[in-house]
file final-v4.cif (mmCIF, C-alpha atoms)
data_my_file
#
loop_
_atom_site.label_atom_id
_atom_site.label_comp_id
_atom_site.auth_asym_id
_atom_site.auth_seq_id
_atom_site.Cartn_x
_atom_site.Cartn_y
_atom_site.Cartn_z
CA MET A 441 -57.33 39.78 -35.82
CA LYS A 442 -58.21 37.54 -32.91
CA LEU A 443 -58.51 39.27 -29.53
CA LEU A 444 -56.02 38.36 -26.83
CA ASP A 445 -57.05 35.90 -24.14
CA ILE A 446 -56.26 37.69 -20.90
CA ILE A 447 -55.07 35.75 -17.86
CA GLY A 448 -54.56 37.39 -14.48
CA ALA A 449 -51.73 36.07 -12.31
CA ASP A 450 -51.41 36.63 -8.57
CA ILE A 451 -47.85 35.64 -7.67
CA SER A 452 -46.48 34.73 -4.27
CA LYS A 453 -43.25 33.08 -3.16
CA SER A 454 -44.55 29.50 -3.42
CA THR A 455 -47.70 29.62 -5.57
CA ILE A 456 -49.22 31.39 -8.57
CA ASP A 457 -52.99 31.83 -8.91
CA LEU A 458 -54.23 32.18 -12.50
CA PHE A 459 -57.64 33.24 -13.79
CA CYS A 460 -58.65 33.35 -17.46
CA TYR A 461 -61.04 36.21 -18.17
CA GLY A 462 -63.99 35.26 -20.37
CA LEU A 463 -63.66 31.53 -19.82
CA ASN A 464 -63.97 31.98 -16.03
CA SER A 465 -61.39 29.27 -15.47
CA TYR A 466 -59.11 29.23 -12.43
CA VAL A 467 -56.04 27.23 -11.48
CA GLN A 468 -53.37 27.41 -8.80
CA ILE A 469 -49.86 26.21 -9.60
CA SER A 470 -46.61 26.01 -7.66
CA ASN A 471 -44.02 28.67 -8.42
CA ASP A 472 -41.51 26.22 -9.89
CA VAL A 473 -40.89 24.04 -12.94
CA THR A 474 -43.58 21.54 -11.90
CA GLY A 475 -46.13 24.32 -11.66
CA PHE A 476 -45.13 25.75 -15.02
CA LYS A 477 -45.78 22.37 -16.65
CA LYS A 478 -49.19 22.36 -15.01
CA LEU A 479 -49.83 25.78 -16.57
CA GLN A 480 -49.07 24.37 -20.02
CA LEU A 481 -51.57 21.54 -19.46
CA TRP A 482 -54.18 24.04 -18.25
CA LEU A 483 -53.75 26.19 -21.38
CA LYS A 484 -54.00 23.07 -23.54
CA LYS A 485 -57.18 22.00 -21.73
CA LEU A 486 -58.72 25.43 -22.38
CA GLN A 487 -57.64 25.14 -26.04
CA LEU A 488 -55.80 28.45 -25.86
CA ASP A 489 -53.15 29.35 -28.41
CA THR A 490 -50.10 30.69 -26.56
CA GLY A 491 -49.61 33.16 -29.41
CA HIS A 492 -52.90 34.82 -28.45
CA VAL A 493 -52.49 34.67 -24.68
CA ALA A 494 -51.42 37.61 -22.55
CA ILE A 495 -50.71 37.25 -18.84
CA VAL A 496 -51.08 40.28 -16.58
CA MET A 497 -49.30 40.35 -13.21
CA GLU A 498 -48.28 42.77 -10.49
CA HIS A 499 -44.70 43.76 -9.73
CA THR A 500 -43.57 41.26 -7.08
CA GLY A 501 -39.79 41.64 -7.14
CA PHE A 502 -37.85 38.39 -7.49
CA TYR A 503 -40.86 36.13 -6.85
CA SER A 504 -41.76 36.29 -10.54
CA TYR A 505 -38.20 35.86 -11.87
CA HIS A 506 -38.42 32.17 -12.87
CA PHE A 507 -42.00 32.55 -14.06
CA GLU A 508 -40.98 35.40 -16.37
CA ASN A 509 -38.10 33.36 -17.81
CA PHE A 510 -40.50 30.50 -18.49
CA LEU A 511 -42.94 32.82 -20.27
CA HIS A 512 -40.16 34.24 -22.44
CA LEU A 513 -39.02 30.72 -23.39
CA GLN A 514 -42.57 29.73 -24.33
CA ALA A 515 -43.12 33.01 -26.24
CA ILE A 516 -46.07 33.90 -24.02
CA ARG A 517 -46.58 37.63 -23.74
CA PHE A 518 -46.96 39.17 -20.29
CA SER A 519 -47.35 42.61 -18.78
CA LYS A 520 -46.29 43.80 -15.32
CA VAL A 521 -48.48 46.47 -13.72
CA PRO A 522 -47.93 48.34 -10.42
CA ALA A 523 -50.21 46.98 -7.70
CA LEU A 524 -51.46 50.49 -6.85
CA VAL A 525 -52.64 51.04 -10.42
CA ILE A 526 -54.76 47.89 -10.32
CA LYS A 527 -56.04 48.64 -6.82
CA ARG A 528 -57.23 52.13 -7.75
CA SER A 529 -58.87 50.91 -10.94
CA LEU A 530 -61.15 48.54 -9.02
CA GLY A 531 -63.15 51.16 -7.16
CA LEU A 532 -64.83 50.11 -3.93
CA VAL A 533 -64.14 46.42 -3.23
CA ARG A 534 -64.50 44.13 -0.25
CA GLY A 535 -62.68 40.95 0.65
CA LYS A 536 -59.41 39.54 -0.59
CA THR A 537 -58.13 36.08 -1.52
CA ASP A 538 -55.51 34.92 -3.97
CA LYS A 539 -58.20 33.66 -6.34
CA VAL A 540 -60.14 36.92 -6.16
CA ASP A 541 -56.95 38.91 -6.72
CA ALA A 542 -56.16 36.88 -9.86
CA GLU A 543 -59.69 37.49 -11.12
CA ARG A 544 -59.42 41.24 -10.47
CA ILE A 545 -56.05 41.42 -12.24
CA ALA A 546 -57.56 39.58 -15.21
CA ALA A 547 -60.48 42.02 -15.31
CA TYR A 548 -58.06 44.95 -15.26
CA GLY A 549 -56.01 43.38 -18.06
CA TYR A 550 -59.09 42.82 -20.21
CA GLU A 551 -60.25 46.40 -19.70
CA LYS A 552 -56.81 47.80 -20.59
CA ARG A 553 -55.90 45.15 -23.17
CA ASP A 554 -55.29 47.74 -25.91
CA LYS A 555 -52.86 49.68 -23.69
CA LEU A 556 -50.85 46.84 -22.20
CA HIS A 557 -47.08 47.07 -22.48
CA PHE A 558 -45.50 43.64 -22.90
CA GLU A 559 -42.16 42.89 -21.26
CA LYS A 560 -39.10 42.03 -23.29
CA PRO A 561 -36.37 39.62 -22.14
CA ALA A 562 -34.20 41.35 -19.54
CA ASP A 563 -30.56 42.08 -20.25
CA PRO A 564 -28.62 39.68 -17.93
CA GLN A 565 -25.99 42.35 -17.24
CA LEU A 566 -28.61 44.95 -16.33
CA HIS A 567 -30.37 42.41 -14.12
CA ARG A 568 -27.12 41.63 -12.31
CA LEU A 569 -26.47 45.35 -11.89
CA GLN A 570 -29.95 45.78 -10.41
CA ILE A 571 -29.27 43.08 -7.82
CA LEU A 572 -25.93 44.67 -6.93
CA LEU A 573 -27.54 48.08 -6.49
CA GLY A 574 -30.23 46.64 -4.22
CA THR A 575 -27.68 44.73 -2.14
CA ARG A 576 -25.48 47.80 -1.80
CA ALA A 577 -28.42 49.93 -0.65
CA ARG A 578 -29.37 47.34 1.98
CA LEU A 579 -25.80 47.08 3.32
CA ILE A 580 -25.50 50.87 3.51
CA LYS A 581 -28.72 51.00 5.51
CA GLU A 582 -27.45 48.32 7.89
CA ARG A 583 -24.13 50.14 8.32
CA ALA A 584 -25.93 53.40 9.11
CA SER A 585 -27.99 51.55 11.73
CA CYS A 586 -24.83 50.21 13.38
CA LEU A 587 -23.22 53.65 13.40
CA CYS A 588 -26.29 55.11 15.10
CA ALA A 589 -26.14 52.33 17.70
CA ILE A 590 -22.47 53.08 18.39
CA LYS A 591 -23.28 56.76 19.01
CA ALA A 592 -26.08 55.78 21.38
CA TYR A 593 -23.91 53.31 23.30
CA ALA A 594 -21.06 55.85 23.55
CA ILE A 595 -23.20 57.94 25.92
CA PHE A 596 -22.96 55.41 28.76
CA LEU A 597 -20.33 52.88 27.63
CA SER A 598 -16.58 53.27 27.26
CA LYS A 599 -14.93 53.12 23.84
CA ASN A 600 -13.26 49.82 24.75
CA ASP A 601 -16.50 48.13 25.76
CA SER A 602 -17.06 44.79 24.00
CA ILE A 603 -20.46 45.90 22.69
CA ILE A 604 -19.06 48.97 20.94
CA LEU A 605 -16.03 47.05 19.64
CA GLY A 606 -18.34 44.37 18.26
CA GLN A 607 -20.46 46.97 16.45
CA MET A 608 -17.32 48.56 15.02
CA ARG A 609 -16.22 45.20 13.62
CA VAL A 610 -19.61 44.83 11.96
CA VAL A 611 -19.26 48.32 10.44
CA LYS A 612 -15.81 47.44 9.06
CA THR A 613 -17.17 44.22 7.57
CA LEU A 614 -20.10 46.01 5.96
CA THR A 615 -17.79 48.71 4.59
CA ARG A 616 -15.55 46.05 3.07
CA GLU A 617 -18.52 44.30 1.46
CA ILE A 618 -19.89 47.58 0.08
CA LYS A 619 -16.54 48.35 -1.53
CA ALA A 620 -16.43 44.84 -3.02
CA ILE A 621 -19.89 45.32 -4.53
CA GLU A 622 -18.89 48.69 -5.97
CA GLN A 623 -15.82 47.12 -7.55
CA GLU A 624 -17.96 44.41 -9.14
CA MET A 625 -20.35 47.06 -10.42
CA LYS A 626 -17.50 49.00 -12.05
CA LYS A 627 -16.17 45.83 -13.68
CA LEU A 628 -19.62 44.83 -14.88
CA VAL A 629 -20.26 48.22 -16.45
CA SER A 630 -16.84 48.30 -18.13
CA GLU A 631 -17.55 44.93 -19.80
CA SER A 632 -21.22 45.56 -20.60
CA THR A 633 -23.05 46.46 -23.80
CA PHE A 634 -24.17 49.74 -22.22
CA LYS A 635 -20.73 51.03 -21.19
CA GLU A 636 -20.87 53.74 -23.91
CA ASN A 637 -24.14 55.08 -22.50
CA PHE A 638 -22.62 55.04 -19.03
CA GLN A 639 -19.71 57.18 -20.22
CA LEU A 640 -22.13 59.59 -21.86
CA LEU A 641 -24.11 59.98 -18.64
CA ILE A 642 -21.12 60.70 -16.41
CA SER A 643 -19.97 63.40 -18.85
CA ILE A 644 -22.76 65.55 -17.35
CA LYS A 645 -21.69 67.57 -14.32
CA GLY A 646 -23.56 66.35 -11.26
CA VAL A 647 -24.23 62.88 -12.68
CA GLY A 648 -21.98 60.46 -10.84
CA ILE A 649 -21.43 56.73 -10.99
CA MET A 650 -24.40 55.79 -8.80
CA VAL A 651 -26.85 58.10 -10.60
CA ALA A 652 -25.67 56.83 -14.00
CA THR A 653 -25.88 53.13 -13.10
CA THR A 654 -29.24 53.48 -11.36
CA THR A 655 -30.65 55.42 -14.32
CA LEU A 656 -29.48 52.69 -16.70
CA VAL A 657 -31.24 50.07 -14.57
CA LYS A 658 -34.47 52.03 -14.09
CA THR A 659 -34.75 52.90 -17.79
CA LYS A 660 -33.44 49.48 -18.91
CA ASN A 661 -30.71 51.23 -20.87
CA PHE A 662 -33.15 53.92 -22.06
CA THR A 663 -35.60 51.50 -23.70
CA VAL A 664 -38.59 51.94 -21.36
CA PHE A 665 -39.21 55.70 -21.27
CA LYS A 666 -39.74 57.59 -24.53
CA ASN A 667 -38.46 60.93 -23.29
CA GLY A 668 -37.21 62.84 -20.28
CA ARG A 669 -40.69 64.04 -19.33
CA LYS A 670 -41.88 60.45 -18.87
CA PHE A 671 -38.90 59.58 -16.71
CA SER A 672 -39.30 62.82 -14.75
CA CYS A 673 -42.87 61.79 -13.96
CA TYR A 674 -41.63 58.36 -12.84
CA CYS A 675 -39.06 60.00 -10.54
CA GLY A 676 -41.61 62.39 -9.02
CA SER A 677 -40.06 65.55 -10.48
CA ALA A 678 -42.67 66.50 -13.08
CA PRO A 679 -45.04 69.26 -11.88
CA PHE A 680 -48.80 68.90 -12.42
CA ASP A 681 -51.61 71.46 -12.39
CA HIS A 682 -54.21 71.31 -9.62
CA SER A 683 -57.30 73.27 -10.64
CA SER A 684 -61.03 72.75 -11.01
CA GLY A 685 -63.74 75.17 -12.10
CA SER A 686 -63.32 78.75 -10.94
CA SER A 687 -62.75 78.12 -7.23
CA ILE A 688 -59.78 75.74 -7.12
CA ARG A 689 -56.56 77.29 -8.41
CA LYS A 690 -53.67 75.68 -6.58
CA LYS A 691 -49.99 75.89 -7.44
CA THR A 692 -48.48 73.26 -9.69
CA ARG A 693 -46.87 70.57 -7.60
CA ILE A 694 -45.15 67.23 -7.93
CA SER A 695 -46.80 63.92 -7.08
CA HIS A 696 -45.77 61.77 -4.12
CA LEU A 697 -46.25 58.69 -6.31
CA ALA A 698 -42.68 58.21 -7.45
CA ASP A 699 -39.58 56.06 -7.32
CA LYS A 700 -38.18 57.47 -4.08
CA THR A 701 -34.73 55.94 -4.57
CA MET A 702 -34.27 57.61 -7.94
CA LYS A 703 -35.71 60.86 -6.65
CA THR A 704 -33.24 60.95 -3.74
CA LEU A 705 -30.29 60.27 -6.03
CA LEU A 706 -31.38 63.01 -8.41
CA THR A 707 -31.74 65.45 -5.52
CA GLN A 708 -28.16 64.75 -4.45
CA SER A 709 -27.09 65.05 -8.07
CA ALA A 710 -28.84 68.43 -8.41
CA ARG A 711 -27.12 69.77 -5.28
CA THR A 712 -23.77 68.71 -6.69
CA ALA A 713 -24.55 70.27 -10.08
CA ILE A 714 -25.34 73.70 -8.65
CA GLN A 715 -21.87 73.70 -7.10
CA PHE A 716 -19.82 72.69 -10.12
CA ASP A 717 -21.95 73.61 -13.15
CA LYS A 718 -21.67 77.37 -13.73
CA GLU A 719 -24.93 77.63 -15.66
CA LEU A 720 -26.99 75.76 -13.09
CA LYS A 721 -25.25 77.53 -10.21
CA GLU A 722 -26.11 80.98 -11.59
CA TYR A 723 -29.65 79.83 -12.38
CA TYR A 724 -30.10 78.56 -8.81
CA GLN A 725 -28.74 81.78 -7.28
CA ARG A 726 -30.79 84.01 -9.58
CA ARG A 727 -34.01 82.19 -8.88
CA THR A 728 -33.59 82.03 -5.10
CA GLN A 729 -32.68 85.73 -5.01
CA MET A 730 -36.02 86.40 -6.69
CA GLY A 731 -37.71 84.80 -3.69
CA LYS A 732 -38.45 81.44 -5.28
CA SER A 733 -38.26 78.46 -2.95
CA LYS A 734 -35.06 76.42 -2.86
CA ARG A 735 -37.06 73.19 -3.04
CA SER A 736 -38.81 74.09 -6.28
CA THR A 737 -35.52 75.34 -7.75
CA ILE A 738 -33.79 72.06 -6.88
CA ASN A 739 -36.67 70.24 -8.57
CA ILE A 740 -36.14 72.28 -11.75
CA VAL A 741 -32.44 71.42 -11.68
CA ARG A 742 -33.40 67.74 -11.29
CA ASN A 743 -35.50 68.00 -14.43
CA LYS A 744 -32.71 69.74 -16.31
CA LEU A 745 -30.35 66.89 -15.44
CA ILE A 746 -32.90 64.29 -16.55
CA HIS A 747 -33.37 66.01 -19.92
CA ARG A 748 -29.61 66.32 -20.32
CA MET A 749 -29.24 62.58 -19.73
CA PHE A 750 -31.83 61.75 -22.36
CA ALA A 751 -30.27 64.27 -24.76
CA VAL A 752 -26.75 62.81 -24.65
CA ILE A 753 -28.14 59.30 -25.13
CA LYS A 754 -30.26 60.41 -28.08
CA ARG A 755 -27.34 62.24 -29.74
CA GLN A 756 -24.80 59.60 -28.67
CA SER A 757 -22.32 62.33 -27.88
CA PRO A 758 -20.93 63.60 -24.54
CA PHE A 759 -22.37 66.65 -22.84
CA VAL A 760 -20.73 69.90 -23.95
CA ASP A 761 -20.81 72.87 -21.61
CA LYS A 762 -21.60 75.57 -24.20
CA TYR A 763 -22.31 78.01 -21.38
CA LEU A 764 -18.57 78.37 -20.78
CA LYS A 765 -17.89 79.01 -24.45
CA THR A 766 -20.43 81.81 -24.71
CA ALA A 767 -19.50 83.39 -21.39
#

call {"tool": "encode", "arguments": {"input": "final-v4.cif", "output": "structure tokens"}}
result
Amino acid sequence: MKLLDIIGADISKSTIDLFCYGLNSYVQISNDVTGFKKLQLWLKKLQLDTGHVAIVMEHTGFYSYHFENFLHLQAIRFSKVPALVIKRSLGLVRGKTDKVDAERIAAYGYEKRDKLHFEKPADPQLHRLQILLGTRARLIKERASCLCAIKAYAIFLSKNDSIILGQMRVVKTLTREIKAIEQEMKKLVSESTFKENFQLLISIKGVGIMVATTTLVKTKNFTVFKNGRKFSCYCGSAPFDHSSGSSIRKKTRISHLADKTMKTLLTQSARTAIQFDKELKEYYQRRTQMGKSKRSTINIVRNKLIHRMFAVIKRQSPFVDKYLKTA
């Protein structure tokens, strides 16, 4: 079987720098339809079969959206890799340009060509839900900023001051927009292909609407992560050993490399679960009474919730609280 021709892509808002590993060929194109046509001509000039081409790129948010759609339409495989993974694989490097970055990404892709995970076309409904979640998070942050400003102004301004009244109007507007986004999210989920999985997730005590929808987006409706352990690692909840030789014997601990948004939501979910789930509540109380730290216990509860979510999806049946039946 012919080996894949690896092309590294460094993507920015307006341009895309491409470097073909092995052929040492470089081209810069615009990040639009005109540039994509130029890419086709470049591949034709290099006599590369699109069926044997793989493009490796970093996660760049929405900058790569149109480029990814073009690659899917042309049946060109591509893989998205976290920038930190590529950076740490390079070792000690000096200097940085878009061309050099494309070359380094191509070198990484060639080295890891047997382990590359190629992206599948995104579910339009999941993609819309992802945008809504991001917009909601931004508006909530802006509202919190305004509320903090109102508290600060209240120290030396009267409640009827125009500045405070103006900030309050902004808060009301943001609150109204947040509610509108949440309504659209509920409607989208109710009409989506993953509404059954959503209902399965919220059957777990502690897993609310936001945790369920965010989990569906992060896991791409449970198609990205093979099991709960993988997702737990992604969320920064999986503990890892830290030992070396006979002198270093540290406690197991979680990694700071994680999706902080998902980790925060799971922490809130765990705190809710230990209030309303009898099994988890007794487990939390028993462990803390033994002198174990509350933080590590919360982390264990986070992992339990993650594994419960993957279990109900795998079984395609709602969560059943057997603890109550045996009590």

call {"tool": "resolve_selection", "arguments": {"input": "final-v4.cif", "expression": "the PyMOL selection byres ((chain A and resi 662) around 12)", "output": "PyMOL selection string"}}
result
chain A and resi 566+634+637-638+641+652-661+663-668+670-671+746+749-754

call {"tool": "resolve_selection", "arguments": {"input": "final-v4.cif", "expression": "the PyMOL selection byres ((chain A and resi 529) around 12)", "output": "list in words"}}
result
Val521, Pro522, Ala523, Leu524, Val525, Ile526, Lys527, Arg528, Leu530, Gly531, Leu532, Val533, Arg544, Ile545, Ala547, Tyr548, Gly549, Glu551 and Lys552 of chain A

call {"tool": "atom_distance", "arguments": {"input": "final-v4.cif", "atom1": "atom CA of A:Gly648", "atom2": "atom CA of A:Pro758"}}
result
14.1 Å

call {"tool": "residues_around", "arguments": {"input": "final-v4.cif", "residues": "A:Tyr723", "least_positions_apart": "2", "cutoff": "12 Å", "atoms": "only C-alpha atoms", "output": "list of chain:residue names"}}
result
A:Ala713, A:Ile714, A:Gln715, A:Asp717, A:Lys718, A:Glu719, A:Leu720, A:Lys721, A:Gln725, A:Arg726, A:Arg727, A:Thr728, A:Gln729, A:Met730, A:Lys732, A:Lys734, A:Thr737, A:Ile738, A:Ile740, A:Val741, A:Lys744, A:Tyr763

call {"tool": "resolve_selection", "arguments": {"input": "final-v4.cif", "expression": "the PyMOL selection byres ((chain A and resi 541-543) around 12)", "output": "number ranges by chain"}}
result
A: 446-452, 455-468, 495-498, 523, 526-527, 530, 533-540, 544-550

call {"tool": "closest_residue", "arguments": {"input": "final-v4.cif", "among": "A:Arg576, A:Leu587, A:Leu640, A:Leu697", "to": "A:Lys619", "atoms": "all atoms listed in the file"}}
result
A:Arg576

call {"tool": "build_atoms", "arguments": {"input": "final-v4.cif", "residues": "stretch 520-537 of chain A", "atoms": "N, CA and C atoms", "output": "short mmCIF file (atom, residue, chain, number, x, y, z; two decimals), keeping the file's coordinate frame"}}
result
data_model
loop_
_atom_site.label_atom_id
_atom_site.label_comp_id
_atom_site.auth_asym_id
_atom_site.auth_seq_id
_atom_site.Cartn_x
_atom_site.Cartn_y
_atom_site.Cartn_z
N LYS A 520 -46.40 43.56 -16.75
CA LYS A 520 -46.29 43.80 -15.32
C LYS A 520 -46.84 45.19 -15.00
N VAL A 521 -47.77 45.23 -14.05
CA VAL A 521 -48.48 46.47 -13.72
C VAL A 521 -48.29 46.76 -12.24
N PRO A 522 -48.03 48.01 -11.85
CA PRO A 522 -47.93 48.34 -10.42
C PRO A 522 -49.21 47.98 -9.68
N ALA A 523 -49.05 47.43 -8.49
CA ALA A 523 -50.21 46.98 -7.70
C ALA A 523 -51.16 48.14 -7.41
N LEU A 524 -50.62 49.34 -7.17
CA LEU A 524 -51.46 50.49 -6.85
C LEU A 524 -52.35 50.87 -8.01
N VAL A 525 -51.85 50.72 -9.23
CA VAL A 525 -52.64 51.04 -10.42
C VAL A 525 -53.87 50.14 -10.50
N ILE A 526 -53.65 48.84 -10.28
CA ILE A 526 -54.76 47.89 -10.32
C ILE A 526 -55.73 48.16 -9.17
N LYS A 527 -55.20 48.40 -7.99
CA LYS A 527 -56.04 48.64 -6.82
C LYS A 527 -56.97 49.83 -7.02
N ARG A 528 -56.42 50.92 -7.57
CA ARG A 528 -57.23 52.13 -7.75
C ARG A 528 -58.21 52.02 -8.91
N SER A 529 -57.96 51.08 -9.81
CA SER A 529 -58.87 50.91 -10.94
C SER A 529 -60.11 50.11 -10.56
N LEU A 530 -60.06 49.44 -9.41
CA LEU A 530 -61.15 48.54 -9.02
C LEU A 530 -62.33 49.26 -8.39
N GLY A 531 -62.08 50.47 -7.88
CA GLY A 531 -63.15 51.16 -7.16
C GLY A 531 -63.32 50.59 -5.76
N LEU A 532 -64.55 50.61 -5.27
CA LEU A 532 -64.83 50.11 -3.93
C LEU A 532 -64.98 48.59 -3.97
N VAL A 533 -64.09 47.89 -3.26
CA VAL A 533 -64.14 46.42 -3.23
C VAL A 533 -64.07 45.95 -1.79
N ARG A 534 -64.53 44.74 -1.58
CA ARG A 534 -64.50 44.13 -0.25
C ARG A 534 -63.95 42.71 -0.36
N GLY A 535 -63.21 42.31 0.64
CA GLY A 535 -62.68 40.95 0.65
C GLY A 535 -61.42 40.81 -0.19
N LYS A 536 -60.67 39.77 0.14
CA LYS A 536 -59.41 39.54 -0.59
C LYS A 536 -58.96 38.11 -0.39
N THR A 537 -58.76 37.40 -1.51
CA THR A 537 -58.13 36.08 -1.52
C THR A 537 -57.25 36.03 -2.75
#
